[in-house]
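Chemist: This one is query21.tsv, TSV, N, CA and C atoms.
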chain	number	residue	atom	x	y	z
A	275	LYS	N	0.84	-1.18	0.00
A	275	LYS	CA	0.00	0.00	0.00
A	275	LYS	C	0.88	1.24	0.00
A	276	ASP	N	0.45	2.24	-0.69
A	276	ASP	CA	1.22	3.47	-0.84
A	276	ASP	C	0.40	4.62	-0.24
A	277	ASN	N	0.71	4.97	1.00
A	277	ASN	CA	-0.07	5.99	1.69
A	277	ASN	C	0.00	7.35	1.00
A	278	SER	N	1.16	7.71	0.47
A	278	SER	CA	1.25	9.03	-0.17
A	278	SER	C	0.38	9.09	-1.42
A	279	LYS	N	0.32	7.99	-2.15
A	279	LYS	CA	-0.53	7.94	-3.35
A	279	LYS	C	-2.01	7.97	-2.95
A	280	ALA	N	-2.34	7.24	-1.90
A	280	ALA	CA	-3.72	7.23	-1.42
A	280	ALA	C	-4.14	8.62	-0.94
A	281	LEU	N	-3.26	9.28	-0.18
A	281	LEU	CA	-3.57	10.63	0.29
A	281	LEU	C	-3.79	11.58	-0.88
A	282	SER	N	-2.94	11.47	-1.88
A	282	SER	CA	-3.06	12.34	-3.05
A	282	SER	C	-4.41	12.11	-3.75
A	283	TYR	N	-4.77	10.87	-3.92
A	283	TYR	CA	-6.03	10.53	-4.59
A	283	TYR	C	-7.23	11.02	-3.78
A	284	TYR	N	-7.21	10.75	-2.47
A	284	TYR	CA	-8.33	11.18	-1.62
A	284	TYR	C	-8.45	12.70	-1.60
A	285	LYS	N	-7.32	13.40	-1.51
A	285	LYS	CA	-7.36	14.86	-1.47
A	285	LYS	C	-7.83	15.43	-2.81
A	286	GLU	N	-7.48	14.77	-3.91
A	286	GLU	CA	-8.00	15.20	-5.22
A	286	GLU	C	-9.52	15.07	-5.23
A	287	PHE	N	-10.00	13.98	-4.72
A	287	PHE	CA	-11.45	13.76	-4.62
A	287	PHE	C	-12.09	14.90	-3.83
A	288	LEU	N	-11.50	15.24	-2.68
A	288	LEU	CA	-12.07	16.30	-1.84
A	288	LEU	C	-12.02	17.66	-2.51
A	289	SER	N	-10.95	17.93	-3.24
A	289	SER	CA	-10.82	19.25	-3.85
A	289	SER	C	-11.89	19.50	-4.92
A	290	HIS	N	-12.40	18.45	-5.50
A	290	HIS	CA	-13.43	18.59	-6.54
A	290	HIS	C	-14.82	18.23	-6.06
A	291	GLN	N	-14.91	17.70	-4.82
A	291	GLN	CA	-16.19	17.30	-4.24
A	291	GLN	C	-16.95	16.34	-5.16
A	292	TYR	N	-16.21	15.42	-5.78
A	292	TYR	CA	-16.83	14.46	-6.69
A	292	TYR	C	-17.74	13.49	-5.95
A	293	ASP	N	-18.85	13.13	-6.55
A	293	ASP	CA	-19.64	11.99	-6.12
A	293	ASP	C	-19.28	10.79	-6.99
A	294	LYS	N	-18.49	11.06	-8.04
A	294	LYS	CA	-18.03	9.99	-8.92
A	294	LYS	C	-16.51	10.08	-9.01
A	295	ASP	N	-15.90	8.94	-9.17
A	295	ASP	CA	-14.45	8.89	-9.33
A	295	ASP	C	-14.09	9.66	-10.60
A	296	PRO	N	-13.17	10.65	-10.48
A	296	PRO	CA	-12.84	11.46	-11.66
A	296	PRO	C	-12.13	10.68	-12.76
A	297	HIS	N	-11.58	9.51	-12.41
A	297	HIS	CA	-10.82	8.74	-13.40
A	297	HIS	C	-11.66	7.67	-14.09
A	298	THR	N	-12.56	7.02	-13.34
A	298	THR	CA	-13.32	5.91	-13.93
A	298	THR	C	-14.79	6.24	-14.16
A	299	GLY	N	-15.30	7.27	-13.48
A	299	GLY	CA	-16.71	7.60	-13.59
A	299	GLY	C	-17.60	6.77	-12.69
A	300	ASN	N	-17.02	5.82	-11.94
A	300	ASN	CA	-17.80	5.00	-11.02
A	300	ASN	C	-18.26	5.83	-9.83
A	301	VAL	N	-19.43	5.52	-9.33
A	301	VAL	CA	-19.92	6.19	-8.13
A	301	VAL	C	-19.02	5.78	-6.97
A	302	VAL	N	-18.63	6.75	-6.16
A	302	VAL	CA	-17.75	6.47	-5.03
A	302	VAL	C	-18.44	6.86	-3.73
A	303	ILE	N	-17.81	6.46	-2.64
A	303	ILE	CA	-18.35	6.74	-1.32
A	303	ILE	C	-18.25	8.22	-1.02
A	304	ARG	N	-19.15	8.72	-0.26
A	304	ARG	CA	-19.26	10.14	0.06
A	304	ARG	C	-18.03	10.74	0.71
A	305	VAL	N	-17.99	12.06	0.70
A	305	VAL	CA	-16.87	12.84	1.22
A	305	VAL	C	-16.54	12.48	2.66
A	306	VAL	N	-17.55	12.26	3.49
A	306	VAL	CA	-17.29	11.98	4.90
A	306	VAL	C	-16.41	10.74	5.06
A	307	PHE	N	-16.65	9.72	4.26
A	307	PHE	CA	-15.83	8.51	4.32
A	307	PHE	C	-14.39	8.84	3.94
A	308	VAL	N	-14.22	9.67	2.93
A	308	VAL	CA	-12.88	10.04	2.47
A	308	VAL	C	-12.15	10.80	3.57
A	309	LYS	N	-12.82	11.69	4.25
A	309	LYS	CA	-12.18	12.43	5.34
A	309	LYS	C	-11.74	11.47	6.44
A	310	SER	N	-12.56	10.49	6.77
A	310	SER	CA	-12.18	9.49	7.77
A	310	SER	C	-10.98	8.67	7.29
A	311	LYS	N	-10.98	8.28	6.03
A	311	LYS	CA	-9.86	7.49	5.49
A	311	LYS	C	-8.56	8.28	5.53
A	312	ILE	N	-8.62	9.57	5.17
A	312	ILE	CA	-7.42	10.40	5.24
A	312	ILE	C	-6.93	10.47	6.68
A	313	GLY	N	-7.85	10.66	7.61
A	313	GLY	CA	-7.49	10.67	9.03
A	313	GLY	C	-6.83	9.37	9.45
A	314	ASP	N	-7.37	8.24	8.98
A	314	ASP	CA	-6.79	6.93	9.32
A	314	ASP	C	-5.37	6.78	8.80
A	315	ILE	N	-5.12	7.28	7.60
A	315	ILE	CA	-3.77	7.19	7.04
A	315	ILE	C	-2.80	8.02	7.88
A	316	TYR	N	-3.21	9.24	8.21
A	316	TYR	CA	-2.35	10.07	9.06
A	316	TYR	C	-2.15	9.43	10.44
A	317	TYR	N	-3.18	8.81	10.97
A	317	TYR	CA	-3.08	8.15	12.27
A	317	TYR	C	-2.05	7.02	12.20
A	318	GLU	N	-2.13	6.21	11.15
A	318	GLU	CA	-1.16	5.11	10.97
A	318	GLU	C	0.27	5.64	10.91
A	319	GLU	N	0.43	6.82	10.31
A	319	GLU	CA	1.76	7.42	10.18
A	319	GLU	C	2.17	8.21	11.44
A	320	LYS	N	1.30	8.14	12.47
A	320	LYS	CA	1.53	8.84	13.74
A	320	LYS	C	1.57	10.37	13.59
A	321	ASN	N	0.90	10.88	12.56
A	321	ASN	CA	0.74	12.31	12.39
A	321	ASN	C	-0.64	12.64	12.98
A	322	TYR	N	-0.68	12.66	14.32
A	322	TYR	CA	-1.96	12.77	15.01
A	322	TYR	C	-2.64	14.12	14.80
A	323	GLU	N	-1.88	15.17	14.63
A	323	GLU	CA	-2.48	16.48	14.41
A	323	GLU	C	-3.32	16.47	13.13
A	324	MET	N	-2.78	15.93	12.05
A	324	MET	CA	-3.52	15.86	10.79
A	324	MET	C	-4.67	14.85	10.89
A	325	ALA	N	-4.44	13.73	11.58
A	325	ALA	CA	-5.50	12.74	11.76
A	325	ALA	C	-6.70	13.37	12.45
A	326	VAL	N	-6.43	14.07	13.56
A	326	VAL	CA	-7.51	14.71	14.31
A	326	VAL	C	-8.22	15.74	13.44
A	327	LYS	N	-7.47	16.49	12.68
A	327	LYS	CA	-8.06	17.51	11.80
A	327	LYS	C	-9.12	16.87	10.88
A	328	TYR	N	-8.77	15.77	10.23
A	328	TYR	CA	-9.70	15.14	9.30
A	328	TYR	C	-10.82	14.41	10.02
A	329	TYR	N	-10.53	13.80	11.18
A	329	TYR	CA	-11.60	13.17	11.95
A	329	TYR	C	-12.66	14.19	12.36
A	330	LEU	N	-12.21	15.34	12.84
A	330	LEU	CA	-13.17	16.36	13.28
A	330	LEU	C	-13.94	16.94	12.10
A	331	GLN	N	-13.31	17.03	10.93
A	331	GLN	CA	-14.04	17.47	9.74
A	331	GLN	C	-15.15	16.47	9.40
A	332	ALA	N	-14.84	15.18	9.50
A	332	ALA	CA	-15.84	14.15	9.22
A	332	ALA	C	-16.99	14.27	10.22
A	333	VAL	N	-16.67	14.45	11.48
A	333	VAL	CA	-17.69	14.60	12.51
A	333	VAL	C	-18.55	15.83	12.24
A	334	ASN	N	-17.91	16.93	11.84
A	334	ASN	CA	-18.65	18.18	11.61
A	334	ASN	C	-19.62	18.11	10.44
A	335	ILE	N	-19.37	17.19	9.50
A	335	ILE	CA	-20.33	17.06	8.40
A	335	ILE	C	-21.27	15.87	8.62
A	336	GLY	N	-21.20	15.30	9.82
A	336	GLY	CA	-22.26	14.38	10.20
A	336	GLY	C	-21.97	12.92	10.31
A	337	GLN	N	-20.76	12.46	10.07
A	337	GLN	CA	-20.53	11.03	10.14
A	337	GLN	C	-19.05	10.74	10.25
A	338	ILE	N	-18.74	9.60	10.86
A	338	ILE	CA	-17.37	9.13	10.97
A	338	ILE	C	-17.41	7.61	10.89
A	339	THR	N	-16.36	6.99	10.39
A	339	THR	CA	-16.33	5.54	10.31
A	339	THR	C	-16.01	4.95	11.69
A	340	SER	N	-16.30	3.68	11.87
A	340	SER	CA	-16.07	3.03	13.16
A	340	SER	C	-14.58	3.02	13.53
A	341	LYS	N	-13.73	2.79	12.55
A	341	LYS	CA	-12.28	2.79	12.81
A	341	LYS	C	-11.81	4.18	13.22
A	342	SER	N	-12.29	5.18	12.53
A	342	SER	CA	-11.90	6.55	12.85
A	342	SER	C	-12.41	6.96	14.23
A	343	ALA	N	-13.61	6.52	14.59
A	343	ALA	CA	-14.15	6.84	15.91
A	343	ALA	C	-13.27	6.22	17.00
A	344	LYS	N	-12.81	5.00	16.78
A	344	LYS	CA	-11.93	4.34	17.75
A	344	LYS	C	-10.61	5.09	17.85
A	345	ASN	N	-10.05	5.48	16.71
A	345	ASN	CA	-8.78	6.22	16.72
A	345	ASN	C	-8.94	7.58	17.39
A	346	LEU	N	-10.07	8.24	17.15
A	346	LEU	CA	-10.32	9.53	17.78
A	346	LEU	C	-10.44	9.36	19.30
A	347	ALA	N	-11.04	8.26	19.73
A	347	ALA	CA	-11.12	7.96	21.17
A	347	ALA	C	-9.73	7.86	21.78
A	348	ILE	N	-8.83	7.19	21.08
A	348	ILE	CA	-7.45	7.05	21.57
A	348	ILE	C	-6.76	8.41	21.61
A	349	CYS	N	-7.01	9.23	20.61
A	349	CYS	CA	-6.42	10.57	20.60
A	349	CYS	C	-6.91	11.39	21.80
A	350	TYR	N	-8.19	11.29	22.12
A	350	TYR	CA	-8.70	12.00	23.30
A	350	TYR	C	-8.12	11.41	24.59
A	351	LYS	N	-7.99	10.10	24.63
A	351	LYS	CA	-7.48	9.46	25.85
A	351	LYS	C	-6.08	9.95	26.20
A	352	TRP	N	-5.23	10.10	25.19
A	352	TRP	CA	-3.83	10.46	25.43
A	352	TRP	C	-3.50	11.91	25.08
A	353	GLY	N	-4.48	12.65	24.59
A	353	GLY	CA	-4.23	14.05	24.24
A	353	GLY	C	-3.40	14.21	22.98
A	354	TYR	N	-3.53	13.26	22.06
A	354	TYR	CA	-2.79	13.32	20.79
A	354	TYR	C	-3.39	14.37	19.86
A	355	GLY	N	-2.57	14.87	18.98
A	355	GLY	CA	-3.04	15.74	17.90
A	355	GLY	C	-3.53	17.10	18.36
A	356	GLY	N	-3.08	17.53	19.52
A	356	GLY	CA	-3.48	18.84	20.01
A	356	GLY	C	-4.79	18.84	20.78
A	357	LEU	N	-5.39	17.67	20.96
A	357	LEU	CA	-6.63	17.60	21.73
A	357	LEU	C	-6.31	17.66	23.22
A	358	LEU	N	-7.22	18.25	23.99
A	358	LEU	CA	-7.09	18.18	25.44
A	358	LEU	C	-7.44	16.77	25.86
A	359	GLN	N	-6.63	16.20	26.74
A	359	GLN	CA	-6.89	14.85	27.21
A	359	GLN	C	-8.23	14.81	27.92
A	360	SER	N	-9.07	13.85	27.55
A	360	SER	CA	-10.40	13.75	28.13
A	360	SER	C	-10.87	12.30	28.14
A	361	ASN	N	-10.94	11.72	29.34
A	361	ASN	CA	-11.44	10.35	29.44
A	361	ASN	C	-12.91	10.27	29.06
A	362	ARG	N	-13.67	11.31	29.39
A	362	ARG	CA	-15.09	11.33	29.05
A	362	ARG	C	-15.29	11.29	27.53
A	363	LYS	N	-14.59	12.17	26.81
A	363	LYS	CA	-14.71	12.19	25.34
A	363	LYS	C	-14.18	10.89	24.74
A	364	SER	N	-13.11	10.36	25.32
A	364	SER	CA	-12.57	9.09	24.85
A	364	SER	C	-13.62	7.99	24.96
A	365	GLU	N	-14.29	7.92	26.10
A	365	GLU	CA	-15.33	6.91	26.30
A	365	GLU	C	-16.50	7.12	25.34
A	366	GLU	N	-16.88	8.38	25.10
A	366	GLU	CA	-17.97	8.67	24.16
A	366	GLU	C	-17.63	8.16	22.76
A	367	TRP	N	-16.39	8.39	22.32
A	367	TRP	CA	-15.99	7.97	20.98
A	367	TRP	C	-15.83	6.45	20.90
A	368	LEU	N	-15.39	5.82	21.99
A	368	LEU	CA	-15.35	4.35	22.00
A	368	LEU	C	-16.76	3.79	21.88
A	369	GLU	N	-17.70	4.37	22.60
A	369	GLU	CA	-19.10	3.93	22.49
A	369	GLU	C	-19.62	4.10	21.06
A	370	LYS	N	-19.27	5.21	20.43
A	370	LYS	CA	-19.69	5.45	19.04
A	370	LYS	C	-19.08	4.40	18.11
A	371	ALA	N	-17.79	4.10	18.32
A	371	ALA	CA	-17.12	3.09	17.50
A	371	ALA	C	-17.81	1.73	17.64
A	372	ILE	N	-18.17	1.38	18.87
A	372	ILE	CA	-18.86	0.11	19.12
A	372	ILE	C	-20.23	0.13	18.45
A	373	GLU	N	-20.94	1.24	18.60
A	373	GLU	CA	-22.25	1.41	17.98
A	373	GLU	C	-22.17	1.23	16.46
A	374	LEU	N	-21.05	1.69	15.87
A	374	LEU	CA	-20.86	1.57	14.42
A	374	LEU	C	-20.33	0.20	14.00
A	375	GLY	N	-20.10	-0.69	14.98
A	375	GLY	CA	-19.71	-2.05	14.65
A	375	GLY	C	-18.24	-2.39	14.82
A	376	ASN	N	-17.47	-1.53	15.47
A	376	ASN	CA	-16.04	-1.80	15.64
A	376	ASN	C	-15.84	-2.68	16.87
A	377	LYS	N	-15.60	-3.98	16.65
A	377	LYS	CA	-15.41	-4.94	17.74
A	377	LYS	C	-14.11	-4.68	18.50
A	378	GLU	N	-13.08	-4.14	17.83
A	378	GLU	CA	-11.81	-3.84	18.49
A	378	GLU	C	-11.97	-2.80	19.59
A	379	ALA	N	-12.94	-1.92	19.43
A	379	ALA	CA	-13.17	-0.86	20.42
A	379	ALA	C	-13.59	-1.43	21.77
A	380	LEU	N	-14.14	-2.65	21.78
A	380	LEU	CA	-14.54	-3.29	23.03
A	380	LEU	C	-13.35	-3.55	23.95
A	381	THR	N	-12.17	-3.73	23.36
A	381	THR	CA	-10.99	-4.07	24.16
A	381	THR	C	-10.01	-2.90	24.28
A	382	THR	N	-10.40	-1.72	23.81
A	382	THR	CA	-9.51	-0.55	23.85
A	382	THR	C	-9.63	0.16	25.18
What would the structure in this file look like if it were written as structure tokens?
Modeler:
Amino acid sequence: KDNSKALSYYKEFLSHQYDKDPHTGNVVIRVVFVKSKIGDIYYEEKNYEMAVKYYLQAVNIGQITSKSAKNLAICYKWGYGGLLQSNRKSEEWLEKAIELGNKEALTT
């Protein structure tokens, strides 16, 4: 997997607000999913500031993926990415991740 290529592709999608893939014309998943995926890539690379930025953008437009919710919970738990450490917010996001079907969040 090539994270830099994936980031470039996702950001291109966001810059044009496509509902269809600009290269193939296939219908693609909505912007909120893309914002969560970008956040997940930054999280994997331990760039928590950028991860949090994209997670919060996804939340602000109404949705976040279960994996992103779990990662955001961890960021709140440890104060990553410029967030104030908050056990309460961490627990809220873990509950959201579980609600969205993330079984790993049960053991986090």
Chemist: Within 8 Å of region 370-376 of chain A, counting all atoms listed in the file, which residues qualify if same-chain residues fewer than 6 places away don't, as an MDAnalysis selection string?
Modeler: chainID A and resid 338:345 364
Chemist: I'd like the interatomic distance between CA of Lys279 (chain A) and CA of Ile315 (chain A), to a tenth of an Å.
Modeler: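 Separating CA of Lys279 (chain A) from CA of Ile315 (chain A) is a distance of 10.9 Å.
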Chemist: Work out how far apart atom C of Glu286 (chain A) and atom N of Leu346 (chain A) are and give it in Å to one decimal.
Modeler: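 Calculated distance between atom C of Glu286 (chain A) and atom N of Leu346 (chain A) is 23.4 Å.
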Chemist: Using CA of Ala379 (chain A) and CA of Leu288 (chain A) as the two end points, give the distance in Å to one decimal.
Modeler: 28.1 Å
Chemist: What lies within 8 Å of region 331-337 of chain A using all atoms listed in the file, ignoring chain neighbours under 6 positions off, as JSON, numbers by chain?
Modeler: {"A": [305, 306, 307, 308, 309, 310, 325]}
Chemist: Among chain A, which ones does DSSP assign to helix (DSSP H, G or I) (computed from the backbone)? Answer as a CSV table (one decimal) with N, CA and C atoms, keeping the file's coordinate frame.
Modeler:
chain,number,residue,atom,x,y,z
A,277,ASN,N,0.7,5.0,1.0
A,277,ASN,CA,-0.1,6.0,1.7
A,277,ASN,C,0.0,7.4,1.0
A,278,SER,N,1.2,7.7,0.5
A,278,SER,CA,1.2,9.0,-0.2
A,278,SER,C,0.4,9.1,-1.4
A,279,LYS,N,0.3,8.0,-2.2
A,279,LYS,CA,-0.5,7.9,-3.4
A,279,LYS,C,-2.0,8.0,-3.0
A,280,ALA,N,-2.3,7.2,-1.9
A,280,ALA,CA,-3.7,7.2,-1.4
A,280,ALA,C,-4.1,8.6,-0.9
A,281,LEU,N,-3.3,9.3,-0.2
A,281,LEU,CA,-3.6,10.6,0.3
A,281,LEU,C,-3.8,11.6,-0.9
A,282,SER,N,-2.9,11.5,-1.9
A,282,SER,CA,-3.1,12.3,-3.0
A,282,SER,C,-4.4,12.1,-3.8
A,283,TYR,N,-4.8,10.9,-3.9
A,283,TYR,CA,-6.0,10.5,-4.6
A,283,TYR,C,-7.2,11.0,-3.8
A,284,TYR,N,-7.2,10.8,-2.5
A,284,TYR,CA,-8.3,11.2,-1.6
A,284,TYR,C,-8.4,12.7,-1.6
A,285,LYS,N,-7.3,13.4,-1.5
A,285,LYS,CA,-7.4,14.9,-1.5
A,285,LYS,C,-7.8,15.4,-2.8
A,286,GLU,N,-7.5,14.8,-3.9
A,286,GLU,CA,-8.0,15.2,-5.2
A,286,GLU,C,-9.5,15.1,-5.2
A,287,PHE,N,-10.0,14.0,-4.7
A,287,PHE,CA,-11.4,13.8,-4.6
A,287,PHE,C,-12.1,14.9,-3.8
A,288,LEU,N,-11.5,15.2,-2.7
A,288,LEU,CA,-12.1,16.3,-1.8
A,288,LEU,C,-12.0,17.7,-2.5
A,289,SER,N,-11.0,17.9,-3.2
A,289,SER,CA,-10.8,19.2,-3.8
A,289,SER,C,-11.9,19.5,-4.9
A,290,HIS,N,-12.4,18.4,-5.5
A,290,HIS,CA,-13.4,18.6,-6.5
A,290,HIS,C,-14.8,18.2,-6.1
A,305,VAL,N,-18.0,12.1,0.7
A,305,VAL,CA,-16.9,12.8,1.2
A,305,VAL,C,-16.5,12.5,2.7
A,306,VAL,N,-17.6,12.3,3.5
A,306,VAL,CA,-17.3,12.0,4.9
A,306,VAL,C,-16.4,10.7,5.1
A,307,PHE,N,-16.6,9.7,4.3
A,307,PHE,CA,-15.8,8.5,4.3
A,307,PHE,C,-14.4,8.8,3.9
A,308,VAL,N,-14.2,9.7,2.9
A,308,VAL,CA,-12.9,10.0,2.5
A,308,VAL,C,-12.2,10.8,3.6
A,309,LYS,N,-12.8,11.7,4.2
A,309,LYS,CA,-12.2,12.4,5.3
A,309,LYS,C,-11.7,11.5,6.4
A,310,SER,N,-12.6,10.5,6.8
A,310,SER,CA,-12.2,9.5,7.8
A,310,SER,C,-11.0,8.7,7.3
A,311,LYS,N,-11.0,8.3,6.0
A,311,LYS,CA,-9.9,7.5,5.5
A,311,LYS,C,-8.6,8.3,5.5
A,312,ILE,N,-8.6,9.6,5.2
A,312,ILE,CA,-7.4,10.4,5.2
A,312,ILE,C,-6.9,10.5,6.7
A,313,GLY,N,-7.8,10.7,7.6
A,313,GLY,CA,-7.5,10.7,9.0
A,313,GLY,C,-6.8,9.4,9.4
A,314,ASP,N,-7.4,8.2,9.0
A,314,ASP,CA,-6.8,6.9,9.3
A,314,ASP,C,-5.4,6.8,8.8
A,315,ILE,N,-5.1,7.3,7.6
A,315,ILE,CA,-3.8,7.2,7.0
A,315,ILE,C,-2.8,8.0,7.9
A,316,TYR,N,-3.2,9.2,8.2
A,316,TYR,CA,-2.4,10.1,9.1
A,316,TYR,C,-2.2,9.4,10.4
A,317,TYR,N,-3.2,8.8,11.0
A,317,TYR,CA,-3.1,8.2,12.3
A,317,TYR,C,-2.0,7.0,12.2
A,318,GLU,N,-2.1,6.2,11.2
A,318,GLU,CA,-1.2,5.1,11.0
A,318,GLU,C,0.3,5.6,10.9
A,322,TYR,N,-0.7,12.7,14.3
A,322,TYR,CA,-2.0,12.8,15.0
A,322,TYR,C,-2.6,14.1,14.8
A,323,GLU,N,-1.9,15.2,14.6
A,323,GLU,CA,-2.5,16.5,14.4
A,323,GLU,C,-3.3,16.5,13.1
A,324,MET,N,-2.8,15.9,12.0
A,324,MET,CA,-3.5,15.9,10.8
A,324,MET,C,-4.7,14.8,10.9
A,325,ALA,N,-4.4,13.7,11.6
A,325,ALA,CA,-5.5,12.7,11.8
A,325,ALA,C,-6.7,13.4,12.4
A,326,VAL,N,-6.4,14.1,13.6
A,326,VAL,CA,-7.5,14.7,14.3
A,326,VAL,C,-8.2,15.7,13.4
A,327,LYS,N,-7.5,16.5,12.7
A,327,LYS,CA,-8.1,17.5,11.8
A,327,LYS,C,-9.1,16.9,10.9
A,328,TYR,N,-8.8,15.8,10.2
A,328,TYR,CA,-9.7,15.1,9.3
A,328,TYR,C,-10.8,14.4,10.0
A,329,TYR,N,-10.5,13.8,11.2
A,329,TYR,CA,-11.6,13.2,12.0
A,329,TYR,C,-12.7,14.2,12.4
A,330,LEU,N,-12.2,15.3,12.8
A,330,LEU,CA,-13.2,16.4,13.3
A,330,LEU,C,-13.9,16.9,12.1
A,331,GLN,N,-13.3,17.0,10.9
A,331,GLN,CA,-14.0,17.5,9.7
A,331,GLN,C,-15.2,16.5,9.4
A,332,ALA,N,-14.8,15.2,9.5
A,332,ALA,CA,-15.8,14.2,9.2
A,332,ALA,C,-17.0,14.3,10.2
A,333,VAL,N,-16.7,14.4,11.5
A,333,VAL,CA,-17.7,14.6,12.5
A,333,VAL,C,-18.6,15.8,12.2
A,334,ASN,N,-17.9,16.9,11.8
A,334,ASN,CA,-18.6,18.2,11.6
A,334,ASN,C,-19.6,18.1,10.4
A,340,SER,N,-16.3,3.7,11.9
A,340,SER,CA,-16.1,3.0,13.2
A,340,SER,C,-14.6,3.0,13.5
A,341,LYS,N,-13.7,2.8,12.6
A,341,LYS,CA,-12.3,2.8,12.8
A,341,LYS,C,-11.8,4.2,13.2
A,342,SER,N,-12.3,5.2,12.5
A,342,SER,CA,-11.9,6.6,12.8
A,342,SER,C,-12.4,7.0,14.2
A,343,ALA,N,-13.6,6.5,14.6
A,343,ALA,CA,-14.2,6.8,15.9
A,343,ALA,C,-13.3,6.2,17.0
A,344,LYS,N,-12.8,5.0,16.8
A,344,LYS,CA,-11.9,4.3,17.8
A,344,LYS,C,-10.6,5.1,17.8
A,345,ASN,N,-10.0,5.5,16.7
A,345,ASN,CA,-8.8,6.2,16.7
A,345,ASN,C,-8.9,7.6,17.4
A,346,LEU,N,-10.1,8.2,17.2
A,346,LEU,CA,-10.3,9.5,17.8
A,346,LEU,C,-10.4,9.4,19.3
A,347,ALA,N,-11.0,8.3,19.7
A,347,ALA,CA,-11.1,8.0,21.2
A,347,ALA,C,-9.7,7.9,21.8
A,348,ILE,N,-8.8,7.2,21.1
A,348,ILE,CA,-7.4,7.0,21.6
A,348,ILE,C,-6.8,8.4,21.6
A,349,CYS,N,-7.0,9.2,20.6
A,349,CYS,CA,-6.4,10.6,20.6
A,349,CYS,C,-6.9,11.4,21.8
A,350,TYR,N,-8.2,11.3,22.1
A,350,TYR,CA,-8.7,12.0,23.3
A,350,TYR,C,-8.1,11.4,24.6
A,351,LYS,N,-8.0,10.1,24.6
A,351,LYS,CA,-7.5,9.5,25.8
A,351,LYS,C,-6.1,10.0,26.2
A,352,TRP,N,-5.2,10.1,25.2
A,352,TRP,CA,-3.8,10.5,25.4
A,352,TRP,C,-3.5,11.9,25.1
A,354,TYR,N,-3.5,13.3,22.1
A,354,TYR,CA,-2.8,13.3,20.8
A,354,TYR,C,-3.4,14.4,19.9
A,355,GLY,N,-2.6,14.9,19.0
A,355,GLY,CA,-3.0,15.7,17.9
A,355,GLY,C,-3.5,17.1,18.4
A,356,GLY,N,-3.1,17.5,19.5
A,356,GLY,CA,-3.5,18.8,20.0
A,356,GLY,C,-4.8,18.8,20.8
A,361,ASN,N,-10.9,11.7,29.3
A,361,ASN,CA,-11.4,10.4,29.4
A,361,ASN,C,-12.9,10.3,29.1
A,362,ARG,N,-13.7,11.3,29.4
A,362,ARG,CA,-15.1,11.3,29.0
A,362,ARG,C,-15.3,11.3,27.5
A,363,LYS,N,-14.6,12.2,26.8
A,363,LYS,CA,-14.7,12.2,25.3
A,363,LYS,C,-14.2,10.9,24.7
A,364,SER,N,-13.1,10.4,25.3
A,364,SER,CA,-12.6,9.1,24.8
A,364,SER,C,-13.6,8.0,25.0
A,365,GLU,N,-14.3,7.9,26.1
A,365,GLU,CA,-15.3,6.9,26.3
A,365,GLU,C,-16.5,7.1,25.3
A,366,GLU,N,-16.9,8.4,25.1
A,366,GLU,CA,-18.0,8.7,24.2
A,366,GLU,C,-17.6,8.2,22.8
A,367,TRP,N,-16.4,8.4,22.3
A,367,TRP,CA,-16.0,8.0,21.0
A,367,TRP,C,-15.8,6.4,20.9
A,368,LEU,N,-15.4,5.8,22.0
A,368,LEU,CA,-15.4,4.4,22.0
A,368,LEU,C,-16.8,3.8,21.9
A,369,GLU,N,-17.7,4.4,22.6
A,369,GLU,CA,-19.1,3.9,22.5
A,369,GLU,C,-19.6,4.1,21.1
A,370,LYS,N,-19.3,5.2,20.4
A,370,LYS,CA,-19.7,5.4,19.0
A,370,LYS,C,-19.1,4.4,18.1
A,371,ALA,N,-17.8,4.1,18.3
A,371,ALA,CA,-17.1,3.1,17.5
A,371,ALA,C,-17.8,1.7,17.6
A,372,ILE,N,-18.2,1.4,18.9
A,372,ILE,CA,-18.9,0.1,19.1
A,372,ILE,C,-20.2,0.1,18.4
A,373,GLU,N,-20.9,1.2,18.6
A,373,GLU,CA,-22.2,1.4,18.0
A,373,GLU,C,-22.2,1.2,16.5
A,377,LYS,N,-15.6,-4.0,16.6
A,377,LYS,CA,-15.4,-4.9,17.7
A,377,LYS,C,-14.1,-4.7,18.5
A,378,GLU,N,-13.1,-4.1,17.8
A,378,GLU,CA,-11.8,-3.8,18.5
A,378,GLU,C,-12.0,-2.8,19.6
A,379,ALA,N,-12.9,-1.9,19.4
A,379,ALA,CA,-13.2,-0.9,20.4
A,379,ALA,C,-13.6,-1.4,21.8
A,380,LEU,N,-14.1,-2.6,21.8
A,380,LEU,CA,-14.5,-3.3,23.0
A,380,LEU,C,-13.4,-3.6,24.0
A,381,THR,N,-12.2,-3.7,23.4
A,381,THR,CA,-11.0,-4.1,24.2
A,381,THR,C,-10.0,-2.9,24.3
Chemist: Looking at A:Tyr284, A:Thr298, A:Ser289, A:Tyr322, which one is nearest to Leu357 (chain A), with distances taken over only N, CA and C atoms?
Modeler: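 Closest candidate: A:Tyr322.
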Chemist: Taking (-14.9, 6.7, 28.7) in the file's own coordinates, collect the residues within 12 Å, counting only C-alpha atoms, and hand them back as a ChimeraX atom specification.
Modeler: /A:344,347-348,350-351,359-371,379-380,382
